[in-house]
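So this block is final-v2.txt, compact mmCIF, C-alpha atoms and all ligand atoms:
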# COMPACT_ATOMS: atom_id res chain seq x y z
CA MET A 218 248.77 14.97 293.49
CA THR A 219 250.83 14.13 296.56
CA ASN A 220 251.53 10.50 297.47
CA GLY A 221 248.63 8.90 299.27
CA THR A 222 246.17 11.66 298.30
CA PRO A 223 243.56 10.54 295.77
CA LYS A 224 243.75 12.27 292.41
CA ARG A 225 241.10 14.97 292.08
CA ILE A 226 239.64 15.18 288.60
CA GLY A 227 237.18 17.57 286.98
CA ILE A 228 234.78 16.57 284.22
CA LEU A 229 232.48 18.56 281.93
CA THR A 230 230.35 18.21 278.82
CA ALA A 231 230.63 20.87 276.10
CA GLY A 232 229.13 21.72 272.71
CA GLY A 233 225.79 20.46 271.43
CA ASP A 234 224.42 17.63 273.56
CA SER A 235 224.22 14.13 272.17
CA PRO A 236 222.93 10.78 273.40
CA GLY A 237 225.55 8.97 275.49
CA LEU A 238 226.95 11.95 277.42
CA ASN A 239 225.65 10.63 280.74
CA ALA A 240 226.87 7.14 279.89
CA ALA A 241 230.36 8.64 279.36
CA ILE A 242 230.25 10.64 282.63
CA ARG A 243 229.21 7.45 284.41
CA GLY A 244 231.78 5.29 282.58
CA PHE A 245 234.62 7.62 283.48
CA GLY A 246 233.30 8.33 286.96
CA LYS A 247 232.69 4.75 288.05
CA ALA A 248 236.11 3.64 286.80
CA ALA A 249 237.86 6.71 288.26
CA ILE A 250 236.20 6.57 291.68
CA GLY A 251 235.44 2.87 292.16
CA TYR A 252 238.38 1.28 290.39
CA HIS A 253 241.16 3.87 290.60
CA GLY A 254 240.17 5.57 293.89
CA MET A 255 240.00 9.14 292.54
CA GLU A 256 237.76 12.06 293.51
CA LEU A 257 235.52 13.60 290.89
CA ILE A 258 233.87 16.97 290.46
CA GLY A 259 231.56 17.90 287.59
CA PHE A 260 231.59 21.44 286.17
CA ARG A 261 228.18 22.79 285.25
CA ASP A 262 227.31 23.98 281.74
CA GLY A 263 230.57 23.17 279.97
CA ILE A 264 233.28 25.80 279.58
CA THR A 265 230.99 28.43 281.12
CA GLY A 266 230.93 26.61 284.47
CA LEU A 267 234.66 25.93 284.28
CA VAL A 268 235.33 29.66 283.92
CA GLN A 269 232.84 30.54 286.67
CA ASN A 270 234.07 27.66 288.86
CA ARG A 271 230.57 26.22 289.25
CA TYR A 272 230.74 22.52 290.04
CA GLU A 273 229.28 19.70 292.09
CA HIS A 274 230.88 16.66 293.69
CA LEU A 275 230.14 13.48 291.80
CA ASP A 276 230.01 10.30 293.85
CA GLY A 277 228.62 6.83 293.23
CA LYS A 278 225.12 7.99 294.05
CA ALA A 279 225.24 10.89 291.56
CA LEU A 280 226.43 8.50 288.84
CA SER A 281 223.81 5.88 289.52
CA GLY A 282 220.83 5.54 287.16
CA ILE A 283 222.14 7.91 284.46
CA LEU A 284 223.38 5.36 281.90
CA THR A 285 220.15 5.37 279.93
CA ILE A 286 219.24 9.04 280.22
CA GLY A 287 219.53 11.48 277.30
CA GLY A 288 221.09 14.97 277.50
CA THR A 289 223.73 15.67 280.12
CA ILE A 290 223.25 15.85 283.90
CA LEU A 291 225.98 18.51 283.94
CA GLY A 292 224.48 20.84 281.32
CA THR A 293 226.47 22.17 278.38
CA SER A 294 227.35 25.34 276.44
CA ARG A 295 229.13 26.29 273.25
CA ASP A 296 231.66 28.77 274.66
CA LYS A 297 235.18 29.21 273.30
CA VAL A 298 237.55 29.53 276.25
CA HIS A 299 239.84 32.04 274.52
CA ARG A 300 236.98 34.22 273.22
CA MET A 301 234.21 34.47 275.81
CA THR A 302 231.85 37.37 276.21
CA VAL A 303 232.13 38.50 279.82
CA ASP A 304 230.39 41.70 280.96
CA GLY A 305 229.86 42.68 277.34
CA GLU A 306 233.54 42.25 276.46
CA VAL A 307 235.21 39.45 274.51
CA ARG A 308 237.98 38.03 276.72
CA ASP A 309 240.53 35.23 276.83
CA MET A 310 239.47 33.18 279.87
CA VAL A 311 242.29 30.62 279.76
CA PRO A 312 244.14 32.30 282.71
CA THR A 313 240.92 32.21 284.78
CA VAL A 314 240.50 28.50 284.10
CA VAL A 315 244.13 27.87 285.08
CA GLU A 316 243.52 29.75 288.37
CA ASN A 317 240.36 27.72 289.09
CA TYR A 318 242.11 24.46 288.26
CA GLU A 319 244.93 25.28 290.67
CA ARG A 320 242.67 26.62 293.40
CA GLU A 321 240.58 23.45 293.31
CA GLY A 322 243.71 21.29 293.43
CA LEU A 323 242.80 19.41 290.27
CA ASP A 324 245.08 16.75 288.82
CA GLY A 325 243.21 16.45 285.56
CA LEU A 326 240.26 17.61 283.51
CA ILE A 327 238.06 15.50 281.22
CA LEU A 328 236.25 17.40 278.48
CA ILE A 329 233.54 15.46 276.69
CA GLY A 330 232.79 17.14 273.38
CA GLY A 331 233.30 17.46 269.64
CA GLY A 332 235.63 19.43 267.37
CA GLY A 333 235.18 22.76 269.18
CA THR A 334 235.89 21.09 272.51
CA ALA A 335 239.11 19.57 271.17
CA LYS A 336 240.25 23.13 270.32
CA ASN A 337 239.34 24.38 273.81
CA ALA A 338 241.13 21.38 275.33
CA MET A 339 244.24 22.06 273.25
CA ARG A 340 244.37 25.66 274.55
CA LEU A 341 244.08 24.44 278.16
CA HIS A 342 246.71 21.77 277.55
CA ASP A 343 249.06 24.43 276.11
CA ALA A 344 248.46 26.45 279.30
CA GLY A 345 249.75 23.50 281.34
CA LEU A 346 246.57 21.68 282.40
CA ASN A 347 246.29 17.89 282.29
CA VAL A 348 243.42 17.40 279.90
CA LEU A 349 241.82 14.50 278.06
CA THR A 350 238.82 14.59 275.73
CA LEU A 351 236.18 12.03 274.85
CA PRO A 352 234.60 12.28 271.37
CA LYS A 353 230.86 12.89 271.26
CA THR A 354 228.68 14.21 268.46
CA ILE A 355 225.79 12.96 266.39
CA ASP A 356 227.67 14.38 263.38
CA ASN A 357 230.47 11.76 263.48
CA ASP A 358 232.83 14.43 262.13
CA ILE A 359 235.61 14.29 264.74
CA TRP A 360 239.00 13.71 263.20
CA GLY A 361 241.06 10.82 264.52
CA THR A 362 238.34 8.55 265.91
CA ASP A 363 236.44 5.80 264.10
CA THR A 364 233.21 7.13 265.52
CA SER A 365 231.75 9.24 268.31
CA PHE A 366 228.95 8.49 270.74
CA GLY A 367 225.61 9.96 269.77
CA PHE A 368 226.05 9.03 266.12
CA ALA A 369 224.56 5.54 266.39
CA THR A 370 221.49 6.77 268.26
CA ALA A 371 220.89 9.66 265.86
CA THR A 372 221.29 7.25 262.94
CA GLU A 373 218.56 5.04 264.44
CA ILE A 374 216.23 8.03 264.89
CA ALA A 375 216.82 9.47 261.41
CA THR A 376 216.48 6.00 259.85
CA GLU A 377 213.15 5.46 261.55
CA ALA A 378 211.97 8.85 260.28
CA ILE A 379 213.01 7.99 256.71
CA ASP A 380 211.22 4.62 257.07
CA ARG A 381 208.07 6.37 258.21
CA VAL A 382 207.89 9.00 255.48
CA HIS A 383 208.01 6.23 252.84
CA SER A 384 204.42 5.11 253.36
CA THR A 385 202.95 8.61 253.32
CA ALA A 386 205.07 9.62 250.29
CA HIS A 387 203.82 6.46 248.55
CA SER A 388 200.15 7.07 249.44
CA HIS A 389 200.19 10.66 248.13
CA HIS A 390 202.55 10.16 245.18
CA ARG A 391 204.79 12.82 246.66
CA ILE A 392 208.45 13.63 247.02
CA ILE A 393 209.32 13.93 250.71
CA LEU A 394 212.58 15.64 251.51
CA THR A 395 213.80 14.67 254.96
CA GLU A 396 216.42 17.05 256.34
CA VAL A 397 218.97 15.42 258.61
CA MET A 398 221.48 17.16 260.94
CA GLY A 399 225.23 16.73 260.65
CA HIS A 400 226.57 20.28 260.39
CA ARG A 401 228.91 20.42 257.35
CA ALA A 402 229.47 16.63 257.21
CA GLY A 403 227.26 14.04 255.54
CA TRP A 404 227.83 11.00 257.78
CA LEU A 405 224.46 11.00 259.50
CA THR A 406 222.47 11.56 256.31
CA LEU A 407 224.45 8.96 254.40
CA ALA A 408 224.11 6.35 257.15
CA ALA A 409 220.39 6.96 257.76
CA GLY A 410 219.68 7.38 254.04
CA LEU A 411 221.30 4.03 253.26
CA ALA A 412 219.70 2.26 256.22
CA GLY A 413 216.30 3.81 255.47
CA GLY A 414 216.48 3.16 251.72
CA ALA A 415 216.20 6.81 250.64
CA ASP A 416 215.97 7.15 246.85
CA VAL A 417 218.27 10.17 246.81
CA ILE A 418 220.89 11.11 249.42
CA LEU A 419 222.38 14.61 249.36
CA ILE A 420 225.47 15.34 251.44
CA PRO A 421 227.74 18.41 251.68
CA GLU A 422 230.74 16.51 250.34
CA ILE A 423 228.95 15.85 247.02
CA PRO A 424 227.42 19.11 245.72
CA TYR A 425 224.23 18.38 243.78
CA THR A 426 222.42 19.77 240.76
CA VAL A 427 218.63 20.01 240.83
CA GLU A 428 218.57 18.46 237.38
CA SER A 429 220.39 15.33 238.54
CA VAL A 430 218.03 14.86 241.53
CA ALA A 431 215.01 15.50 239.28
CA GLU A 432 216.30 12.98 236.74
CA THR A 433 216.55 10.25 239.41
CA ILE A 434 212.96 10.99 240.44
CA ARG A 435 211.66 11.09 236.84
CA THR A 436 213.35 7.74 236.14
CA ARG A 437 211.59 6.26 239.17
CA THR A 438 208.25 7.67 237.98
CA ALA A 439 208.81 6.19 234.52
CA ARG A 440 209.36 2.81 236.19
CA GLY A 441 206.08 3.13 238.09
CA SER A 442 207.33 4.44 241.46
CA THR A 443 205.40 7.69 241.65
CA PHE A 444 206.94 8.81 244.95
CA SER A 445 210.47 9.48 246.18
CA VAL A 446 212.18 9.96 249.51
CA VAL A 447 215.15 12.36 249.50
CA ALA A 448 217.48 12.43 252.53
CA VAL A 449 219.04 15.92 252.60
CA ALA A 450 221.90 16.80 254.92
CA GLU A 451 221.45 20.19 256.58
CA GLY A 452 224.84 21.13 255.09
CA ALA A 453 224.14 19.82 251.55
CA ARG A 454 224.20 22.51 248.86
CA ASP A 455 223.89 22.66 245.10
CA VAL A 456 226.98 23.27 243.01
CA ASP A 457 226.56 27.08 242.89
CA ASP A 458 225.87 27.51 246.61
CA THR A 459 228.83 25.27 247.42
CA ALA A 460 231.11 27.46 245.25
CA ASP A 461 229.82 30.65 246.96
CA TYR A 462 230.30 29.15 250.43
CA GLU A 463 233.80 27.87 249.69
CA ALA A 464 234.85 31.22 248.20
CA ALA A 465 233.55 33.04 251.32
CA GLN A 466 235.45 30.62 253.55
CA LEU A 467 238.66 31.19 251.58
CA LEU A 468 238.28 34.94 252.13
CA VAL A 469 238.11 34.35 255.91
CA LYS A 470 241.22 32.18 255.81
CA ALA A 471 243.12 34.67 253.64
CA ALA A 472 242.21 37.76 255.73
CA LYS A 473 245.36 39.21 257.29
CA THR A 474 244.13 42.14 259.40
CA PRO A 475 241.39 42.24 262.07
CA GLU A 476 239.32 44.55 259.80
CA ALA A 477 239.68 42.21 256.83
CA ARG A 478 238.77 39.25 259.07
CA ARG A 479 235.67 41.06 260.34
CA ALA A 480 234.58 41.94 256.81
CA ALA A 481 235.20 38.39 255.55
CA ARG A 482 233.26 36.88 258.49
CA THR A 483 230.34 39.25 257.82
CA HIS A 484 230.35 38.20 254.17
CA LEU A 485 230.43 34.50 255.14
CA ALA A 486 227.51 35.00 257.53
CA HIS A 487 225.61 36.74 254.72
CA VAL A 488 226.27 33.82 252.33
CA GLU A 489 225.14 31.35 255.02
CA ASP A 490 221.99 33.39 255.64
CA ASN A 491 221.12 33.35 251.94
CA GLN A 492 221.45 29.58 251.93
CA ARG A 493 219.13 28.94 254.88
CA GLU A 494 215.96 27.00 254.09
CA HIS A 495 217.75 25.40 251.13
CA THR A 496 215.73 22.21 251.55
CA PHE A 497 212.48 24.16 251.03
CA ARG A 498 213.97 25.79 247.95
CA LEU A 499 214.98 22.39 246.59
CA ALA A 500 211.44 21.09 247.21
CA ARG A 501 210.01 23.91 245.07
CA GLU A 502 212.58 23.30 242.36
CA LEU A 503 211.81 19.56 242.30
CA GLU A 504 208.07 20.21 242.06
CA ALA A 505 208.71 22.36 238.99
CA ALA A 506 211.10 19.84 237.45
CA THR A 507 209.09 16.64 238.07
CA GLY A 508 205.45 17.68 238.29
CA LEU A 509 205.14 15.82 241.61
CA GLU A 510 204.09 17.49 244.86
CA ALA A 511 206.95 17.90 247.34
CA ARG A 512 206.94 18.18 251.13
CA VAL A 513 209.73 18.81 253.65
CA THR A 514 210.30 17.21 257.05
CA ILE A 515 213.06 18.77 259.17
CA LEU A 516 214.12 16.21 261.78
CA GLY A 517 215.99 18.74 263.92
CA TYR A 518 216.55 18.20 267.60
CA VAL A 519 214.66 14.91 267.93
CA GLN A 520 217.90 13.42 266.55
CA ARG A 521 219.82 14.63 269.61
CA GLY A 522 217.30 13.97 272.34
CA GLY A 523 216.32 10.93 274.34
CA ALA A 524 217.96 7.72 275.49
CA PRO A 525 221.18 6.51 273.86
CA CYS A 526 220.98 3.22 271.95
CA ALA A 527 222.96 0.19 273.15
CA ALA A 528 225.89 0.85 270.77
CA ASP A 529 226.34 4.40 272.14
CA ARG A 530 226.07 3.27 275.76
CA LEU A 531 228.74 0.67 275.09
CA LEU A 532 231.02 3.11 273.25
CA ALA A 533 230.64 5.86 275.87
CA THR A 534 231.28 3.42 278.71
CA ARG A 535 234.41 1.91 277.22
CA LEU A 536 235.86 5.31 276.20
CA GLY A 537 235.13 6.65 279.69
CA ALA A 538 236.79 3.66 281.37
CA ALA A 539 239.80 3.98 279.04
CA ALA A 540 240.11 7.68 279.94
CA ALA A 541 240.21 6.79 283.66
CA GLU A 542 243.01 4.34 282.91
CA LEU A 543 245.01 7.09 281.14
CA VAL A 544 244.47 9.52 284.02
CA ALA A 545 245.62 6.86 286.49
CA ALA A 546 248.77 6.37 284.40
CA GLY A 547 249.41 10.15 284.38
CA GLU A 548 248.83 10.50 280.64
CA CYS A 549 247.32 13.72 279.29
CA GLY A 550 246.95 15.79 276.12
CA TYR A 551 244.96 13.14 274.27
CA MET A 552 241.57 12.42 272.84
CA VAL A 553 240.51 8.90 273.74
CA ALA A 554 239.58 7.67 270.26
CA ALA A 555 237.50 4.65 269.28
CA ARG A 556 239.63 2.34 267.19
CA GLY A 557 237.99 -0.89 266.08
CA GLU A 558 236.82 -2.66 269.19
CA GLY A 559 239.49 -0.93 271.25
CA THR A 560 240.63 2.61 271.99
CA GLU A 561 243.64 4.72 271.09
CA ALA A 562 245.10 7.83 272.72
CA MET A 563 245.27 10.40 269.87
CA PRO A 564 247.42 13.48 270.61
CA LEU A 565 245.14 16.52 270.80
CA SER A 566 247.64 18.40 268.62
CA GLU A 567 246.72 16.00 265.78
CA VAL A 568 242.98 16.28 266.33
CA ALA A 569 242.25 19.92 267.19
CA GLY A 570 241.07 22.06 264.28
CA LYS A 571 240.46 19.16 261.89
CA ILE A 572 237.11 17.87 260.63
CA LYS A 573 236.40 14.37 259.35
CA TYR A 574 234.36 14.67 256.16
CA VAL A 575 232.95 11.80 254.12
CA PRO A 576 235.63 10.88 251.55
CA GLN A 577 234.23 10.83 248.00
CA ASP A 578 235.45 7.24 247.61
CA HIS A 579 234.09 6.05 250.97
CA ASP A 580 232.59 2.59 251.07
CA TRP A 581 229.16 3.94 252.00
CA VAL A 582 229.21 6.27 248.97
CA ALA A 583 230.21 3.36 246.73
CA ALA A 584 227.44 1.20 248.23
CA ALA A 585 224.86 3.94 247.64
CA ARG A 586 225.88 4.20 243.99
CA LYS A 587 225.81 0.42 243.52
CA VAL A 588 222.28 0.05 244.91
CA GLY A 589 221.09 2.82 242.58
CA THR A 590 220.62 5.62 245.11
CA GLY A 591 220.88 9.06 243.51
CA LEU A 592 223.58 11.26 245.02
CA GLY A 593 222.65 14.36 243.05
CA ASP A 594 225.92 14.57 241.09
O1 LIG B 1 226.97 19.35 266.19
C1 LIG B 1 225.76 18.78 266.53
C2 LIG B 1 224.64 19.54 265.92
O2 LIG B 1 223.47 18.95 266.35
C3 LIG B 1 224.68 19.69 264.40
O3 LIG B 1 224.23 18.53 263.76
C4 LIG B 1 223.81 20.90 264.18
O4 LIG B 1 224.18 21.59 263.03
C5 LIG B 1 224.14 21.74 265.38
O5 LIG B 1 224.62 20.88 266.39
C6 LIG B 1 222.99 22.53 265.94
O6 LIG B 1 223.51 23.36 266.91
P1 LIG B 1 222.71 24.14 268.03
O7 LIG B 1 222.45 23.19 269.15
O8 LIG B 1 223.65 25.21 268.44
O9 LIG B 1 221.45 24.62 267.40

Kindly transcribe the structure held in the file into structure tokens.
Ligand code: F6P
Amino acid sequence: MTNGTPKRIGILTAGGDSPGLNAAIRGFGKAAIGYHGMELIGFRDGITGLVQNRYEHLDGKALSGILTIGGTILGTSRDKVHRMTVDGEVRDMVPTVVENYEREGLDGLILIGGGGTAKNAMRLHDAGLNVLTLPKTIDNDIWGTDTSFGFATATEIATEAIDRVHSTAHSHHRIILTEVMGHRAGWLTLAAGLAGGADVILIPEIPYTVESVAETIRTRTARGSTFSVVAVAEGARDVDDTADYEAAQLLVKAAKTPEARRAARTHLAHVEDNQREHTFRLARELEAATGLEARVTILGYVQRGGAPCAADRLLATRLGAAAAELVAAGECGYMVAARGEGTEAMPLSEVAGKIKYVPQDHDWVAAARKVGTGLGD
């Protein structure tokens, strides 16, 4: 930026969408344009649009009326900037992004995304671009931030679903397994399971045994509750599957040559494939072990769609406004983290490549145990 010229900033949304993305674009944009006098352009479809230099100018009008809308007005994608398939070839597109950034005379780039986006941002930062990230994901698994926008809304949706399956499980004396998203972290399932009063909560961080889950259900039956609601994280696995998955992951990490890496990745994909539909398998196993009928409800993408709740709108707005403040001060290379009621600039180097799992001794885990919820261990 030269003196007197407004800063020109690019913004994009990347990774899986989540409620609150538009609120964050608006929060950053209104503060950047209206308060700090910057110019803003929005890249289409995440990293893909950044590489292809597809963007639109964002002004006050474009940002108006989007606070409450789900999805992202900019579109999104899951590309990795250093490993993109272009014309059938896997290529490192970091140099192309640097060229686009310079050609467009950008002073900064805001990437709104989760763990994968932090890694992309780190690569762009290392290549000399002024980047900041804002943490979004319904999974709540981003290292270094108290929470991420999307999580509160998804928790509301999953909780309502768990509430609703209670009455039908009760009427039919059934076990209903409700599968909740969250990737390999159990935050969403644990939060919604606790808030919805699930009888059993299964999360990836606590591998389960079918016998332990069945025992919780049989104890309930013996006490006269002839139905049970089981909240199952999509990443939850029994003890054996967890061991297989972890061993396959170790092989990937230990692989030294490209061939060994390819073979280890193929093996990991095979293990993951074998473990698909695990919630259906668990339902069959519980039927056999308890004598009750079992049904499965996969919540899927309804957890990501639709309007953000008030807490996510608030979080996205304040993180966006804080990011504009950092850009105005010339700060870059950070994720704008939520910390208590405030924000904190977390160096991307500390965030990228790390995942925030549910600690075994987390307060929510302790609370679940104390109220008698089965955790399958
Ligand atoms: O990371 C958000 C998330 O919704 C996860 O909970 C889920 O595992 C994944 O994305 C689904 O990804 P996709 O949109 O690629 O199907």

Neighbours of Arg535 in chain A within 10 Å (only C-alpha atoms; same-chain residues fewer than 3 positions away dropped), as a VMD selection string?
chain A and resid 240 to 241 244 to 245 248 529 to 532 538 to 541 553 555 558 to 560

Would you output that residue set with C-alpha atoms, as a PDB file, in the coordinates of the input?
ATOM      1  CA  ALA A 240     226.870   7.140 279.890  1.00  0.00           C
ATOM      2  CA  ALA A 241     230.360   8.640 279.360  1.00  0.00           C
ATOM      3  CA  GLY A 244     231.780   5.290 282.580  1.00  0.00           C
ATOM      4  CA  PHE A 245     234.620   7.620 283.480  1.00  0.00           C
ATOM      5  CA  ALA A 248     236.110   3.640 286.800  1.00  0.00           C
ATOM      6  CA  ASP A 529     226.340   4.400 272.140  1.00  0.00           C
ATOM      7  CA  ARG A 530     226.070   3.270 275.760  1.00  0.00           C
ATOM      8  CA  LEU A 531     228.740   0.670 275.090  1.00  0.00           C
ATOM      9  CA  LEU A 532     231.020   3.110 273.250  1.00  0.00           C
ATOM     10  CA  ALA A 538     236.790   3.660 281.370  1.00  0.00           C
ATOM     11  CA  ALA A 539     239.800   3.980 279.040  1.00  0.00           C
ATOM     12  CA  ALA A 540     240.110   7.680 279.940  1.00  0.00           C
ATOM     13  CA  ALA A 541     240.210   6.790 283.660  1.00  0.00           C
ATOM     14  CA  VAL A 553     240.510   8.900 273.740  1.00  0.00           C
ATOM     15  CA  ALA A 555     237.500   4.650 269.280  1.00  0.00           C
ATOM     16  CA  GLU A 558     236.820  -2.660 269.190  1.00  0.00           C
ATOM     17  CA  GLY A 559     239.490  -0.930 271.250  1.00  0.00           C
ATOM     18  CA  THR A 560     240.630   2.610 271.990  1.00  0.00           C
TER      19      THR A 560
END

List all protein, DNA and RNA residues that have an atom no more than 7 Å from any atom of ligand LIG 1 (chain B), counting only C-alpha atoms and all ligand atoms, and report them as a list in words.
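After applying the 7 Å limit, what remains is Gly233, Thr354, Ile355, Asp356, Met398, Gly399, His400 and Arg521 of chain A.
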
Mind dumping the selected residues with C-alpha atoms as a PDB file, in the coordinates of the input?
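The result, stored in selection-v7.pdb:
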ATOM      1  CA  GLY A 233     225.790  20.460 271.430  1.00  0.00           C
ATOM      2  CA  THR A 354     228.680  14.210 268.460  1.00  0.00           C
ATOM      3  CA  ILE A 355     225.790  12.960 266.390  1.00  0.00           C
ATOM      4  CA  ASP A 356     227.670  14.380 263.380  1.00  0.00           C
ATOM      5  CA  MET A 398     221.480  17.160 260.940  1.00  0.00           C
ATOM      6  CA  GLY A 399     225.230  16.730 260.650  1.00  0.00           C
ATOM      7  CA  HIS A 400     226.570  20.280 260.390  1.00  0.00           C
ATOM      8  CA  ARG A 521     219.820  14.630 269.610  1.00  0.00           C
TER       9      ARG A 521
END

Contacts of Ala584 in chain A at 12 Å or less, counting all atoms listed in the file, minus same-chain residues fewer than 3 places along, as a PyMOL selection string?
chain A and resi 407-408+410-412+414+418+577-581+587-592

Sorted per-residue table, range 279-332 of chain A near range 358-362 of chain A, closest atoms and distance, 10 Å, all atoms listed in the file, as JSON lines:
{"residue": "A:Gly330", "atom": "CA", "partner": "A:Ile359", "partner_atom": "CA", "distance": 9.5}
{"residue": "A:Gly331", "atom": "CA", "partner": "A:Ile359", "partner_atom": "CA", "distance": 6.3}
{"residue": "A:Gly332", "atom": "CA", "partner": "A:Ile359", "partner_atom": "CA", "distance": 5.8}

Please report the interatomic distance between CA of His253 in chain A and CA of Pro223 in chain A in Å with one decimal.
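If I compute the distance from CA of His253 in chain A to CA of Pro223 in chain A, I get 8.8 Å.
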
Given the choices A:Pro424, A:Ile283, A:His487, A:Ser445, which gets closest to Ala460 in chain A if the distance is worked out from all atoms listed in the file?
A:Pro424

Find the spatial neighbours of range 301-315 of chain A, counting all atoms listed in the file, within a cut-off of 8 Å - ignore same-chain residues fewer than 5 positions away - and output them as a PyMOL selection string.
chain A and resi 267-268+296+340-341+344+346

I'd like the interatomic distance between CA of His389 in chain A and CA of Leu419 in chain A, to a tenth of an Å.
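We find that CA of His389 in chain A and CA of Leu419 in chain A lie 22.6 Å from each other.
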
Kindly indicate which residue among A:Ala375, A:Leu468, A:Leu485, A:Ile393 lies nearest to Phe497 in chain A, using all atoms listed in the file for the distances.
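Among the listed residues, A:Ile393 lies closest to Phe497 in chain A.
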
If we draw a sphere of 12 Å around (209.6, 20.8, 242.5), which residues have at least one atom in it when counting all atoms listed in the file? Please report them as a tab-separated table (two decimals) with C-alpha atoms, in the coordinates of the input.
chain	number	residue	atom	x	y	z
A	391	ARG	CA	204.79	12.82	246.66
A	392	ILE	CA	208.45	13.63	247.02
A	393	ILE	CA	209.32	13.93	250.71
A	394	LEU	CA	212.58	15.64	251.51
A	427	VAL	CA	218.63	20.01	240.83
A	428	GLU	CA	218.57	18.46	237.38
A	430	VAL	CA	218.03	14.86	241.53
A	431	ALA	CA	215.01	15.50	239.28
A	432	GLU	CA	216.30	12.98	236.74
A	434	ILE	CA	212.96	10.99	240.44
A	435	ARG	CA	211.66	11.09	236.84
A	445	SER	CA	210.47	9.48	246.18
A	496	THR	CA	215.73	22.21	251.55
A	497	PHE	CA	212.48	24.16	251.03
A	498	ARG	CA	213.97	25.79	247.95
A	499	LEU	CA	214.98	22.39	246.59
A	500	ALA	CA	211.44	21.09	247.21
A	501	ARG	CA	210.01	23.91	245.07
A	502	GLU	CA	212.58	23.30	242.36
A	503	LEU	CA	211.81	19.56	242.30
A	504	GLU	CA	208.07	20.21	242.06
A	505	ALA	CA	208.71	22.36	238.99
A	506	ALA	CA	211.10	19.84	237.45
A	507	THR	CA	209.09	16.64	238.07
A	508	GLY	CA	205.45	17.68	238.29
A	509	LEU	CA	205.14	15.82	241.61
A	510	GLU	CA	204.09	17.49	244.86
A	511	ALA	CA	206.95	17.90	247.34
A	512	ARG	CA	206.94	18.18	251.13
A	513	VAL	CA	209.73	18.81	253.65

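If all atoms listed in the file are the atoms counted, then among A:Gly292, A:Pro421, A:Gly333, A:Gly367 the closest residue to Gly523 in chain A is A:Gly367.
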
Top pick for closest residue to Gly227 in chain A, considering A:Arg271, A:Arg440, A:Lys470, A:Lys571 and counting all atoms listed in the file
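Among the listed residues, the smallest separation from Gly227 in chain A belongs to A:Arg271.
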
So that I can check the surroundings of Thr334 in chain A, please list as a ChimeraX atom specification every protein, DNA and RNA residue that reaches within 12 Å of it, counting only C-alpha atoms and ignoring chain neighbours fewer than 4 positions away.
/A:229-233,263-264,293-299,327-330,338-342,348-354,359,552,565,568-571

In Å, rounded to a single decimal, give me how far CA of Thr364 in chain A is from CA of Gly237 in chain A.
12.7 Å

Name the closest residue to Ser429 in chain A among the candidates A:Ala378, A:Leu280, A:Ala528, A:Val456; distances are taken between atoms, counting all atoms listed in the file.
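Using all atoms listed in the file, the shortest distance to Ser429 in chain A belongs to A:Val456.
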